[in-house]
>>> print(open('entry09.cif').read())   # mmCIF, C-alpha atoms (C1' of nucleotides)
data_target
loop_
_atom_site.label_atom_id
_atom_site.label_comp_id
_atom_site.auth_asym_id
_atom_site.auth_seq_id
_atom_site.Cartn_x
_atom_site.Cartn_y
_atom_site.Cartn_z
CA MET A 1004 0.00 0.00 0.00
CA GLN A 1005 1.57 3.22 -1.19
CA GLN A 1006 1.78 5.95 1.40
CA LYS A 1007 -0.43 8.95 0.43
CA HIS A 1008 2.43 11.39 0.69
CA ARG A 1009 1.51 14.54 2.59
CA ARG A 1010 1.48 17.35 0.07
CA SER A 1011 2.55 20.88 0.83
CA ASN A 1012 -0.01 23.63 0.57
CA ARG A 1013 1.83 25.03 -2.42
CA GLU A 1014 1.56 21.94 -4.57
CA ARG A 1015 -1.98 21.33 -3.37
CA SER A 1016 -2.96 24.78 -4.58
CA ASP A 1017 -1.15 24.31 -7.86
CA THR A 1018 -2.86 21.05 -8.69
CA THR A 1019 -6.35 22.29 -7.84
CA ARG A 1020 -5.80 25.54 -9.72
CA THR A 1021 -4.82 23.72 -12.86
CA ALA A 1022 -7.59 21.16 -12.32
CA ILE A 1023 -10.11 23.99 -12.24
CA LEU A 1024 -8.50 25.71 -15.22
CA ASP A 1025 -8.46 22.49 -17.24
CA ALA A 1026 -12.07 21.67 -16.44
CA ALA A 1027 -13.14 25.24 -17.21
CA ARG A 1028 -11.29 25.15 -20.50
CA ALA A 1029 -12.99 21.97 -21.62
CA LEU A 1030 -16.43 23.29 -20.77
CA PHE A 1031 -15.86 26.83 -22.04
CA ILE A 1032 -14.76 25.64 -25.45
CA GLU A 1033 -17.73 23.33 -25.60
CA SER A 1034 -20.53 25.66 -24.51
CA GLY A 1035 -19.02 29.11 -24.15
CA TYR A 1036 -18.36 31.22 -21.11
CA ALA A 1037 -21.87 32.42 -20.33
CA GLU A 1038 -23.53 29.05 -20.76
CA THR A 1039 -21.10 27.23 -18.49
CA PRO A 1040 -22.16 27.34 -14.82
CA THR A 1041 -19.51 27.20 -12.15
CA PRO A 1042 -21.07 24.15 -10.44
CA GLU A 1043 -20.44 22.19 -13.61
CA ILE A 1044 -16.83 23.32 -13.74
CA VAL A 1045 -15.97 22.29 -10.21
CA ALA A 1046 -17.91 19.06 -10.54
CA ALA A 1047 -15.80 18.16 -13.57
CA ALA A 1048 -12.72 18.96 -11.52
CA GLY A 1049 -13.92 16.86 -8.59
CA LEU A 1050 -14.17 19.87 -6.29
CA THR A 1051 -16.71 22.31 -4.96
CA ARG A 1052 -17.33 25.98 -5.64
CA GLY A 1053 -15.55 26.79 -2.44
CA ALA A 1054 -12.26 25.85 -4.06
CA LEU A 1055 -13.02 27.96 -7.10
CA TYR A 1056 -13.84 31.08 -5.12
CA HIS A 1057 -10.86 30.51 -2.91
CA HIS A 1058 -8.45 30.58 -5.84
CA PHE A 1059 -10.21 33.09 -8.08
CA GLN A 1060 -12.00 36.28 -7.19
CA ASP A 1061 -14.95 35.45 -9.41
CA LYS A 1062 -15.93 33.62 -12.57
CA LYS A 1063 -14.48 36.33 -14.80
CA ALA A 1064 -11.14 36.17 -12.99
CA LEU A 1065 -11.04 32.43 -13.65
CA PHE A 1066 -11.70 33.11 -17.30
CA ARG A 1067 -9.00 35.77 -17.37
CA ALA A 1068 -6.47 33.38 -15.87
CA LEU A 1069 -7.41 30.81 -18.48
CA ILE A 1070 -7.05 33.31 -21.32
CA GLU A 1071 -3.66 34.39 -20.04
CA ARG A 1072 -2.44 30.82 -19.87
CA GLU A 1073 -3.67 30.21 -23.39
CA ALA A 1074 -2.02 33.37 -24.70
CA ARG A 1075 1.24 32.37 -23.04
CA GLU A 1076 1.11 28.97 -24.68
CA VAL A 1077 0.48 30.48 -28.10
CA ALA A 1078 3.31 32.95 -27.68
CA SER A 1079 5.80 30.37 -26.50
CA SER A 1080 4.73 27.98 -29.24
CA ILE A 1081 5.42 30.62 -31.88
CA GLU A 1082 8.62 31.67 -30.24
CA ARG A 1083 9.81 28.09 -30.07
CA SER A 1084 9.37 27.68 -33.81
CA THR A 1085 11.25 30.78 -34.89
CA VAL A 1086 14.70 30.42 -36.35
CA GLU A 1087 17.28 33.15 -36.25
CA GLY A 1088 18.78 34.74 -39.29
CA LEU A 1089 15.91 34.47 -41.72
CA PRO A 1090 15.38 37.32 -44.15
CA PRO A 1091 12.40 39.54 -43.19
CA ARG A 1092 10.01 38.10 -45.73
CA GLU A 1093 10.68 34.49 -44.82
CA ALA A 1094 10.52 35.35 -41.13
CA LEU A 1095 7.05 36.80 -41.62
CA LEU A 1096 5.82 33.83 -43.61
CA ALA A 1097 7.22 31.40 -41.05
CA GLY A 1098 5.63 33.41 -38.26
CA ALA A 1099 2.27 33.22 -39.98
CA ALA A 1100 2.54 29.47 -40.33
CA ALA A 1101 3.56 29.14 -36.69
CA TYR A 1102 0.57 31.22 -35.67
CA PHE A 1103 -1.81 28.97 -37.60
CA ASP A 1104 -0.19 25.92 -36.07
CA ALA A 1105 -0.65 27.33 -32.59
CA MET A 1106 -4.24 28.33 -33.23
CA ALA A 1107 -5.04 24.86 -34.53
CA VAL A 1108 -5.13 23.55 -30.97
CA PRO A 1109 -8.82 22.85 -30.32
CA GLY A 1110 -10.63 25.62 -28.50
CA ARG A 1111 -7.99 28.29 -28.92
CA VAL A 1112 -9.87 30.15 -31.60
CA ARG A 1113 -12.99 30.33 -29.51
CA LEU A 1114 -11.17 31.29 -26.34
CA LEU A 1115 -8.80 33.88 -27.75
CA LEU A 1116 -10.77 35.29 -30.66
CA LEU A 1117 -14.40 35.02 -29.64
CA ASP A 1118 -15.18 34.74 -25.96
CA GLY A 1119 -12.05 36.55 -24.84
CA PRO A 1120 -12.79 39.89 -26.48
CA ALA A 1121 -16.47 39.66 -25.58
CA VAL A 1122 -15.98 38.84 -21.91
CA LEU A 1123 -12.85 40.81 -21.11
CA GLY A 1124 -13.18 43.54 -23.71
CA VAL A 1125 -10.83 44.34 -26.56
CA GLY A 1126 -8.74 46.60 -24.40
CA GLU A 1127 -7.86 43.97 -21.85
CA MET A 1128 -7.31 41.37 -24.57
CA ALA A 1129 -4.88 43.74 -26.28
CA THR A 1130 -3.07 44.20 -22.97
CA ILE A 1131 -2.87 40.45 -22.44
CA ASP A 1132 -1.40 39.47 -25.76
CA ALA A 1133 0.81 42.51 -25.82
CA ALA A 1134 2.26 41.22 -22.56
CA HIS A 1135 2.96 37.82 -24.10
CA GLY A 1136 4.98 38.64 -27.17
CA GLY A 1137 2.17 39.95 -29.32
CA ARG A 1138 4.56 42.48 -30.74
CA THR A 1139 6.39 39.90 -32.83
CA LEU A 1140 4.31 40.66 -35.89
CA GLU A 1141 4.84 44.39 -35.66
CA GLU A 1142 8.60 44.00 -35.41
CA GLY A 1143 8.62 41.63 -38.34
CA LEU A 1144 6.61 44.02 -40.42
CA VAL A 1145 8.81 46.94 -39.50
CA ALA A 1146 11.82 45.01 -40.72
CA ALA A 1147 10.14 43.86 -43.91
CA MET A 1148 8.60 47.22 -44.77
CA ALA A 1149 11.68 49.24 -43.98
CA PRO A 1150 12.48 49.82 -47.67
CA GLN A 1151 9.18 51.62 -48.10
CA GLY A 1152 10.24 54.40 -45.76
CA LEU A 1153 6.90 54.73 -44.01
CA GLU A 1154 6.23 56.46 -40.72
CA LYS A 1155 6.26 54.14 -37.75
CA LYS A 1156 2.65 55.10 -37.08
CA ALA A 1157 1.61 53.86 -40.51
CA ILE A 1158 3.47 50.58 -40.15
CA LYS A 1159 1.85 50.08 -36.77
CA ALA A 1160 -1.58 50.47 -38.34
CA MET A 1161 -0.63 48.02 -41.09
CA ALA A 1162 0.48 45.54 -38.45
CA PHE A 1163 -2.89 45.81 -36.76
CA LEU A 1164 -4.69 45.20 -40.02
CA LEU A 1165 -2.47 42.26 -40.91
CA SER A 1166 -2.98 40.68 -37.51
CA ALA A 1167 -6.72 41.07 -38.03
CA ALA A 1168 -6.32 39.14 -41.27
CA PHE A 1169 -4.40 36.45 -39.39
CA ASP A 1170 -7.16 36.16 -36.84
CA ARG A 1171 -9.87 35.96 -39.47
CA ALA A 1172 -7.96 33.28 -41.31
CA ALA A 1173 -7.63 31.29 -38.09
CA LEU A 1174 -11.35 31.72 -37.52
CA GLU A 1175 -12.19 30.46 -41.00
CA ILE A 1176 -9.85 27.52 -40.76
CA ASP A 1177 -11.37 26.66 -37.39
CA ALA A 1178 -14.81 26.83 -39.00
CA GLY A 1179 -13.77 24.25 -41.55
CA ALA A 1180 -12.15 26.19 -44.37
CA ALA A 1181 -9.13 24.68 -46.04
CA ARG A 1182 -5.96 25.89 -44.39
CA ALA A 1183 -4.09 25.81 -47.68
CA ASP A 1184 -6.46 28.37 -49.18
CA TYR A 1185 -5.89 30.83 -46.39
CA ALA A 1186 -2.21 30.14 -46.08
CA TYR A 1187 -1.94 31.05 -49.74
CA ALA A 1188 -4.04 34.18 -49.27
CA ILE A 1189 -2.01 35.27 -46.26
CA ASP A 1190 1.28 34.70 -48.06
CA ARG A 1191 0.06 36.68 -51.02
CA LEU A 1192 -1.14 39.45 -48.72
CA ILE A 1193 2.22 39.64 -46.99
CA ASP A 1194 4.10 39.62 -50.27
CA ARG A 1195 2.11 42.52 -51.62
CA LEU A 1196 2.38 44.46 -48.38
CA ILE A 1197 6.15 44.30 -48.20
CA ALA A 1198 6.81 44.67 -51.91
CA PRO A 1199 8.96 47.75 -52.39
CA MET B 721 -57.82 67.63 -25.41
CA GLN B 722 -56.67 65.41 -28.20
CA GLN B 723 -58.53 62.13 -28.56
CA LYS B 724 -56.20 59.18 -27.77
CA HIS B 725 -56.98 57.44 -31.05
CA ARG B 726 -57.59 53.74 -30.63
CA ARG B 727 -54.66 51.96 -32.24
CA SER B 728 -54.86 48.74 -34.18
CA ASN B 729 -53.11 45.69 -32.84
CA ARG B 730 -50.61 45.86 -35.66
CA GLU B 731 -49.36 49.32 -34.90
CA ARG B 732 -49.48 48.61 -31.18
CA SER B 733 -47.16 45.65 -31.71
CA ASP B 734 -44.88 47.65 -33.95
CA THR B 735 -44.42 50.47 -31.48
CA THR B 736 -43.76 48.21 -28.51
CA ARG B 737 -41.38 46.04 -30.53
CA THR B 738 -39.30 49.03 -31.55
CA ALA B 739 -39.58 50.48 -28.04
CA ILE B 740 -38.09 47.29 -26.64
CA LEU B 741 -35.45 47.15 -29.38
CA ASP B 742 -34.47 50.78 -28.80
CA ALA B 743 -34.25 50.37 -25.04
CA ALA B 744 -32.27 47.16 -25.43
CA ARG B 745 -29.90 48.81 -27.85
CA ALA B 746 -29.17 51.69 -25.49
CA LEU B 747 -28.49 49.35 -22.59
CA PHE B 748 -26.58 46.71 -24.57
CA ILE B 749 -24.14 49.24 -25.96
CA GLU B 750 -23.68 50.70 -22.50
CA SER B 751 -23.13 47.53 -20.46
CA GLY B 752 -23.04 44.65 -22.91
CA TYR B 753 -25.49 41.82 -23.50
CA ALA B 754 -24.74 39.64 -20.51
CA GLU B 755 -24.69 42.45 -17.98
CA THR B 756 -28.03 43.89 -19.07
CA PRO B 757 -30.97 42.24 -17.28
CA THR B 758 -34.31 42.10 -19.06
CA PRO B 759 -36.17 43.89 -16.23
CA GLU B 760 -34.00 46.92 -16.90
CA ILE B 761 -34.75 46.80 -20.61
CA VAL B 762 -38.51 46.71 -20.26
CA ALA B 763 -38.43 49.30 -17.49
CA ALA B 764 -36.60 51.66 -19.82
CA ALA B 765 -39.25 50.98 -22.43
CA GLY B 766 -42.07 51.58 -19.97
CA LEU B 767 -43.27 47.98 -20.21
CA THR B 768 -43.03 44.69 -18.37
CA ARG B 769 -41.26 41.47 -19.17
CA GLY B 770 -44.52 40.03 -20.35
CA ALA B 771 -44.33 42.24 -23.42
CA LEU B 772 -40.76 41.19 -24.12
CA TYR B 773 -41.48 37.49 -23.95
CA HIS B 774 -44.59 37.95 -26.00
CA HIS B 775 -42.70 39.50 -28.89
CA PHE B 776 -39.45 37.57 -28.60
CA GLN B 777 -38.83 33.96 -27.78
CA ASP B 778 -36.08 34.76 -25.31
CA LYS B 779 -33.39 37.29 -24.56
CA LYS B 780 -31.14 35.97 -27.29
CA ALA B 781 -33.89 36.27 -29.88
CA LEU B 782 -34.30 39.91 -28.89
CA PHE B 783 -30.60 40.40 -29.36
CA ARG B 784 -30.71 38.67 -32.72
CA ALA B 785 -33.53 40.93 -33.90
CA LEU B 786 -31.50 43.94 -32.79
CA ILE B 787 -28.40 42.72 -34.61
CA GLU B 788 -30.38 42.11 -37.77
CA ARG B 789 -31.85 45.59 -37.66
CA GLU B 790 -28.39 47.06 -37.15
CA ALA B 791 -26.93 45.04 -40.01
CA ARG B 792 -29.75 46.17 -42.27
CA GLU B 793 -29.08 49.80 -41.40
CA VAL B 794 -25.38 49.43 -42.11
CA ALA B 795 -26.04 47.73 -45.43
CA SER B 796 -28.59 50.28 -46.58
CA SER B 797 -26.36 53.12 -45.44
CA ILE B 798 -23.51 51.81 -47.55
CA GLU B 799 -25.77 51.07 -50.47
CA ARG B 800 -27.23 54.58 -50.30
CA SER B 801 -23.78 56.11 -50.63
CA THR B 802 -22.62 54.12 -53.65
CA VAL B 803 -22.48 55.78 -57.01
CA GLU B 804 -22.71 53.91 -60.27
CA GLY B 805 -20.02 53.85 -62.88
CA LEU B 806 -16.95 54.23 -60.70
CA PRO B 807 -13.82 52.32 -61.73
CA PRO B 808 -13.19 49.27 -59.51
CA ARG B 809 -10.46 50.85 -57.45
CA GLU B 810 -12.43 53.99 -56.65
CA ALA B 811 -15.52 51.91 -55.93
CA LEU B 812 -13.59 49.92 -53.35
CA LEU B 813 -12.13 52.98 -51.69
CA ALA B 814 -15.53 54.67 -51.58
CA GLY B 815 -17.06 51.51 -50.14
CA ALA B 816 -14.46 51.43 -47.42
CA ALA B 817 -15.17 55.03 -46.49
CA ALA B 818 -18.90 54.35 -46.47
CA TYR B 819 -18.34 51.39 -44.19
CA PHE B 820 -16.37 53.48 -41.72
CA ASP B 821 -19.06 56.15 -41.83
CA ALA B 822 -21.73 53.58 -41.08
CA MET B 823 -19.73 52.01 -38.27
CA ALA B 824 -19.17 55.42 -36.70
CA VAL B 825 -22.73 55.36 -35.35
CA PRO B 826 -22.32 54.88 -31.60
CA GLY B 827 -22.67 51.30 -30.43
CA ARG B 828 -22.46 49.66 -33.85
CA VAL B 829 -18.94 48.42 -33.34
CA ARG B 830 -19.79 46.82 -30.05
CA LEU B 831 -23.03 45.30 -31.32
CA LEU B 832 -21.82 44.00 -34.67
CA LEU B 833 -18.18 43.23 -34.01
CA LEU B 834 -18.00 42.26 -30.36
CA ASP B 835 -21.18 41.07 -28.70
CA GLY B 836 -22.74 39.80 -31.92
CA PRO B 837 -20.15 37.15 -32.72
CA ALA B 838 -19.83 36.14 -29.08
CA VAL B 839 -23.55 35.76 -28.40
CA LEU B 840 -24.77 34.44 -31.73
CA GLY B 841 -21.60 32.79 -32.94
CA VAL B 842 -19.57 33.61 -36.02
CA GLY B 843 -21.65 31.31 -38.19
CA GLU B 844 -24.93 33.03 -37.51
CA MET B 845 -23.29 36.45 -37.79
CA ALA B 846 -21.93 35.49 -41.18
CA THR B 847 -25.39 34.38 -42.24
CA ILE B 848 -26.90 37.64 -41.05
CA ASP B 849 -24.61 40.01 -42.83
CA ALA B 850 -24.47 37.81 -45.89
CA ALA B 851 -28.26 38.23 -46.04
CA HIS B 852 -27.96 42.01 -45.90
CA GLY B 853 -25.61 42.82 -48.73
CA GLY B 854 -22.43 41.65 -47.08
CA ARG B 855 -21.23 40.42 -50.43
CA THR B 856 -20.63 43.94 -51.74
CA LEU B 857 -16.97 43.81 -50.82
CA GLU B 858 -16.42 40.46 -52.48
CA GLU B 859 -17.97 41.66 -55.73
CA GLY B 860 -15.89 44.82 -55.64
CA LEU B 861 -12.75 42.84 -55.07
CA VAL B 862 -13.57 40.41 -57.85
CA ALA B 863 -13.91 43.33 -60.24
CA ALA B 864 -10.74 45.02 -59.06
CA MET B 865 -8.62 41.87 -58.97
CA ALA B 866 -9.85 40.53 -62.28
CA PRO B 867 -6.59 41.44 -64.06
CA GLN B 868 -4.66 39.12 -61.74
CA GLY B 869 -6.48 36.09 -63.08
CA LEU B 870 -6.92 34.35 -59.76
CA GLU B 871 -9.28 31.54 -58.94
CA LYS B 872 -12.57 32.67 -57.50
CA LYS B 873 -11.79 30.69 -54.37
CA ALA B 874 -8.62 32.69 -53.81
CA ILE B 875 -10.36 36.00 -54.34
CA LYS B 876 -13.03 34.95 -51.89
CA ALA B 877 -10.40 34.27 -49.25
CA MET B 878 -8.80 37.63 -49.94
CA ALA B 879 -12.18 39.30 -49.53
CA PHE B 880 -12.57 37.65 -46.13
CA LEU B 881 -9.16 38.86 -45.04
CA LEU B 882 -9.80 42.36 -46.32
CA SER B 883 -13.12 42.56 -44.53
CA ALA B 884 -11.36 41.45 -41.36
CA ALA B 885 -9.01 44.39 -41.83
CA PHE B 886 -12.01 46.67 -42.25
CA ASP B 887 -13.51 45.40 -39.03
CA ARG B 888 -10.29 45.80 -37.11
CA ALA B 889 -9.91 49.33 -38.39
CA ALA B 890 -13.45 50.14 -37.28
CA LEU B 891 -12.65 48.63 -33.89
CA GLU B 892 -9.52 50.73 -33.51
CA ILE B 893 -11.25 53.92 -34.62
CA ASP B 894 -14.03 53.20 -32.17
CA ALA B 895 -11.43 52.73 -29.45
CA GLY B 896 -10.08 56.21 -30.12
CA ALA B 897 -7.54 55.77 -32.91
CA ALA B 898 -7.36 58.45 -35.58
CA ARG B 899 -9.58 57.56 -38.49
CA ALA B 900 -7.19 59.21 -40.93
CA ASP B 901 -4.43 56.80 -39.96
CA TYR B 902 -6.54 53.76 -40.65
CA ALA B 903 -8.18 55.21 -43.72
CA TYR B 904 -4.69 55.66 -45.13
CA ALA B 905 -3.67 52.15 -44.15
CA ILE B 906 -6.81 50.63 -45.66
CA ASP B 907 -6.38 52.56 -48.89
CA ARG B 908 -2.78 51.45 -49.12
CA LEU B 909 -3.79 47.88 -48.42
CA ILE B 910 -6.42 47.95 -51.16
CA ASP B 911 -4.04 49.53 -53.63
CA ARG B 912 -1.45 46.84 -53.09
CA LEU B 913 -4.01 44.07 -53.22
CA ILE B 914 -5.42 45.11 -56.58
CA ALA B 915 -2.15 46.15 -58.17
CA PRO B 916 -1.65 44.03 -61.28
"C1'" DT C 497 2.72 21.53 20.78
"C1'" DA C 498 -0.13 25.56 20.67
"C1'" DA C 499 -1.63 29.18 17.61
"C1'" DT C 500 -2.39 30.76 13.24
"C1'" DT C 501 -3.39 30.54 8.59
"C1'" DA C 502 -4.31 28.36 4.19
"C1'" DA C 503 -7.33 25.23 1.55
"C1'" DC C 504 -11.07 23.87 0.93
"C1'" DA C 505 -16.61 22.36 1.82
"C1'" DT C 506 -21.21 23.74 3.14
"C1'" DA C 507 -25.01 26.94 3.71
"C1'" DC C 508 -27.33 31.00 2.42
"C1'" DA C 509 -29.12 35.35 0.17
"C1'" DG C 510 -30.05 38.00 -3.93
"C1'" DG C 511 -31.07 38.39 -8.54
"C1'" DG C 512 -32.02 36.87 -13.26
"C1'" DT C 513 -34.32 33.93 -16.80
"C1'" DG C 514 -38.11 31.60 -18.62
"C1'" DT C 515 -42.84 29.94 -18.08
"C1'" DA C 516 -47.50 29.63 -16.55
"C1'" DT C 517 -51.43 32.12 -15.68
"C1'" DG C 518 -54.52 36.04 -15.61
"C1'" DT C 519 -56.76 40.19 -17.86
"C1'" DA C 520 -58.18 43.58 -21.14
"C1'" DT C 521 -58.63 45.03 -25.71
"C1'" DG C 522 -58.96 44.38 -30.75
"C1'" DC C 523 -61.26 41.71 -34.26
"C1'" DA C 524 -64.38 38.77 -36.83
"C1'" DA C 525 -68.78 36.37 -37.52
"C1'" DC C 526 -73.56 36.27 -37.01
"C1'" DG D 615 -74.14 44.86 -31.27
"C1'" DT D 616 -73.04 40.92 -28.85
"C1'" DT D 617 -70.87 36.62 -28.81
"C1'" DG D 618 -66.54 34.19 -29.27
"C1'" DC D 619 -61.78 34.02 -30.09
"C1'" DA D 620 -57.17 35.78 -30.63
"C1'" DT D 621 -53.77 39.21 -29.58
"C1'" DA D 622 -51.12 42.12 -26.43
"C1'" DC D 623 -49.72 42.54 -22.67
"C1'" DA D 624 -49.15 42.21 -16.92
"C1'" DT D 625 -48.51 39.37 -12.84
"C1'" DA D 626 -46.88 35.42 -10.31
"C1'" DC D 627 -43.96 31.61 -9.79
"C1'" DA D 628 -40.16 28.07 -9.98
"C1'" DC D 629 -35.59 27.20 -11.07
"C1'" DC D 630 -30.84 28.21 -11.52
"C1'" DC D 631 -26.69 30.80 -11.02
"C1'" DT D 632 -23.56 33.87 -8.70
"C1'" DG D 633 -21.16 35.58 -4.85
"C1'" DT D 634 -20.53 35.62 0.17
"C1'" DA D 635 -20.50 34.07 4.85
"C1'" DT D 636 -19.47 30.44 7.77
"C1'" DG D 637 -17.62 26.02 9.17
"C1'" DT D 638 -13.90 22.30 9.09
"C1'" DT D 639 -9.58 20.11 8.36
"C1'" DA D 640 -4.82 20.10 7.39
"C1'" DA D 641 -0.46 22.58 6.94
"C1'" DT D 642 2.68 26.12 8.64
"C1'" DT D 643 4.79 28.89 12.16
"C1'" DA D 644 6.08 30.20 16.83
#
>>> encode(input="entry09.cif", output="structure tokens")
Amino acid sequence: MQQKHRRSNRERSDTTRTAILDAARALFIESGYAETPTPEIVAAAGLTRGALYHHFQDKKALFRALIEREAREVASSIERSTVEGLPPREALLAGAAAYFDAMAVPGRVRLLLLDGPAVLGVGEMATIDAAHGGRTLEEGLVAAMAPQGLEKKAIKAMAFLLSAAFDRAALEIDAGAARADYAYAIDRLIDRLIAP
Amino acid sequence: MQQKHRRSNRERSDTTRTAILDAARALFIESGYAETPTPEIVAAAGLTRGALYHHFQDKKALFRALIEREAREVASSIERSTVEGLPPREALLAGAAAYFDAMAVPGRVRLLLLDGPAVLGVGEMATIDAAHGGRTLEEGLVAAMAPQGLEKKAIKAMAFLLSAAFDRAALEIDAGAARADYAYAIDRLIDRLIAP
DNA sequence: TAATTAACATACAGGGTGTATGTATGCAAC
DNA sequence: GTTGCATACATACACCCTGTATGTTAATTA
């Protein structure tokens, strides 16, 4: 009979926190934030609502924590796949592909592109993925569009628009569109944007 | 003393329906869909919840009716501002400007670009604004990109991406960004997309 | 080992949604 | 015009969900 090793409070908290986050994630991506009651979340995690409200201020704070974890994972996934020394154009194309790869994880599109902005607001979402390396695209575009001699303000706006195109493409792919079609469209879009 | 002319059931229904829709619109754009309770909506309309649930199946159906009305207004506003006989490029640029004008009406960005997709889902939103002349952009792009000899499928994808850029620009302008900056960026984006 | 605090579970209060029921007015047939 | 039915609401109710307050056990600290 294996001894049920006495766990420290720290690791106890960690495991329940992630248990709640994992259960919430599964239910949120299935039914959405508003339609997922907290009793169902904690039941799926084998806990009670007392644990939830001990670790998170309220339901929205739980959602925020989940979104932040997801954004971190996307950022690190993209970062992990970048190789140094690529020319600006190829770096952009590779970054786009890495983004689509990361967003292909089930539920990410709904969490980060649908429920996230609606529940937390666009402002907070912008803050979150700015905190987790969301500026990669802008830097890449600055490098690739340098020959055009634009103001930084203009390039920034273009980066916003391009990232919107990325997001829409991820949305469409998630909805069942062929990835190849949108990968082609995105590549073409990038090529025309950075053409001197 | 003016006689309070006895109204027919039809006009009675119409006025209360729009009263509820107007009240809901004001509250939804102020606090969002989820944070706006139905008692507050009907109170603002000088009615009770009985009227609401008589005219709409549930709260979401009310929201859907509101979104459809808003989408109709945007579509007709854009359509009203189009002039015949413009060359493809100028037609696209004018359409973009008309779209930004239409989306400048307070609350439209939140209703159509934030709460709409979150509450109704992207699929239903796509259906709604496809039903109300949402294909204008695609047709414009087909005309303007004809010289490139692309497959229709590819042009369709490009139209999706471009419309995503439009939406993001409207979002940013609504959040306080300078319209001129994004108008310039959109124009530049269009120009590069349709360049032979 | 005694005291304190963290990590939960349980119990409760308030509010919101949807539905069932009641009422008055418009409308249509005779 | 009055009899009967449908429409347009208002009122009342049951359920569920959220957040908070309180209780309990185990870990940490003195």
>>> atom_distance(input="entry09.cif", atom1="atom CA of B:Arg855", atom2="atom CA of B:Ser883")
10.3 Å
>>> resolve_selection(input="entry09.cif", expression="the PyMOL selection byres ((chain D) within 8 of (chain B))", output="VMD selection string")
chain D and resid 621 to 624
>>> interface_residues(input="entry09.cif", of="chain A", to="chain B", cutoff="10 Å", atoms="only C-alpha atoms", output="PyMOL selection string")
chain A and resi 1035-1037+1113+1116-1122+1124-1126+1156-1172+1174-1175+1178+1180+1184-1189+1191-1198
>>> write_last_selection(input="entry09.cif", atoms="C-alpha atoms", output="compact mmCIF listing (two decimals), in the coordinates of the input")
# COMPACT_ATOMS: atom_id res chain seq x y z
CA GLY A 1035 -19.02 29.11 -24.15
CA TYR A 1036 -18.36 31.22 -21.11
CA ALA A 1037 -21.87 32.42 -20.33
CA ARG A 1113 -12.99 30.33 -29.51
CA LEU A 1116 -10.77 35.29 -30.66
CA LEU A 1117 -14.40 35.02 -29.64
CA ASP A 1118 -15.18 34.74 -25.96
CA GLY A 1119 -12.05 36.55 -24.84
CA PRO A 1120 -12.79 39.89 -26.48
CA ALA A 1121 -16.47 39.66 -25.58
CA VAL A 1122 -15.98 38.84 -21.91
CA GLY A 1124 -13.18 43.54 -23.71
CA VAL A 1125 -10.83 44.34 -26.56
CA GLY A 1126 -8.74 46.60 -24.40
CA LYS A 1156 2.65 55.10 -37.08
CA ALA A 1157 1.61 53.86 -40.51
CA ILE A 1158 3.47 50.58 -40.15
CA LYS A 1159 1.85 50.08 -36.77
CA ALA A 1160 -1.58 50.47 -38.34
CA MET A 1161 -0.63 48.02 -41.09
CA ALA A 1162 0.48 45.54 -38.45
CA PHE A 1163 -2.89 45.81 -36.76
CA LEU A 1164 -4.69 45.20 -40.02
CA LEU A 1165 -2.47 42.26 -40.91
CA SER A 1166 -2.98 40.68 -37.51
CA ALA A 1167 -6.72 41.07 -38.03
CA ALA A 1168 -6.32 39.14 -41.27
CA PHE A 1169 -4.40 36.45 -39.39
CA ASP A 1170 -7.16 36.16 -36.84
CA ARG A 1171 -9.87 35.96 -39.47
CA ALA A 1172 -7.96 33.28 -41.31
CA LEU A 1174 -11.35 31.72 -37.52
CA GLU A 1175 -12.19 30.46 -41.00
CA ALA A 1178 -14.81 26.83 -39.00
CA ALA A 1180 -12.15 26.19 -44.37
CA ASP A 1184 -6.46 28.37 -49.18
CA TYR A 1185 -5.89 30.83 -46.39
CA ALA A 1186 -2.21 30.14 -46.08
CA TYR A 1187 -1.94 31.05 -49.74
CA ALA A 1188 -4.04 34.18 -49.27
CA ILE A 1189 -2.01 35.27 -46.26
CA ARG A 1191 0.06 36.68 -51.02
CA LEU A 1192 -1.14 39.45 -48.72
CA ILE A 1193 2.22 39.64 -46.99
CA ASP A 1194 4.10 39.62 -50.27
CA ARG A 1195 2.11 42.52 -51.62
CA LEU A 1196 2.38 44.46 -48.38
CA ILE A 1197 6.15 44.30 -48.20
CA ALA A 1198 6.81 44.67 -51.91
>>> interface_residues(input="entry09.cif", of="chain C", to="chain A", cutoff="12 Å", atoms="only C-alpha atoms (C1' of nucleotides)", output="PyMOL selection string")
chain C and resi 501-507
>>> atom_distance(input="entry09.cif", atom1="atom CA of A:Ala1181", atom2="atom CA of A:Ala1105")
16.1 Å
>>> closest_atom_pairs(input="entry09.cif", of="stretch 1012-1115 of chain A", to="stretch 630-634 of chain D", cutoff="9 Å", atoms="all atoms listed in the file", output="tab-separated table")
residue	atom	partner	partner_atom	distance
A:Pro1040	CA	D:DC631	C1'	6.9
A:Thr1041	CA	D:DC631	C1'	8.1
A:Pro1042	CA	D:DC631	C1'	8.7
A:Tyr1056	CA	D:DG633	C1'	8.6
A:Asp1061	CA	D:DG633	C1'	7.7
A:Lys1062	CA	D:DT632	C1'	8.6
>>> atom_distance(input="entry09.cif", atom1="atom CA of B:His852", atom2="atom CA of B:Glu793")
9.1 Å
>>> resolve_selection(input="entry09.cif", expression="the PyMOL selection byres ((chain A and resi 1023) around 8)", output="list in words")
Thr1019, Arg1020, Thr1021, Ala1022, Leu1024, Asp1025, Ala1026, Ala1027, Ile1044, Val1045, Ala1048 and Leu1055 of chain A
>>> axis_aligned_box(input="entry09.cif", around="stretch 498-509 of chain C", padding_each_side="3 Å", output="JSON")
{"center_x": -14.6, "center_y": 28.9, "center_z": 10.4, "size_x": 35.0, "size_y": 19.0, "size_z": 26.5}
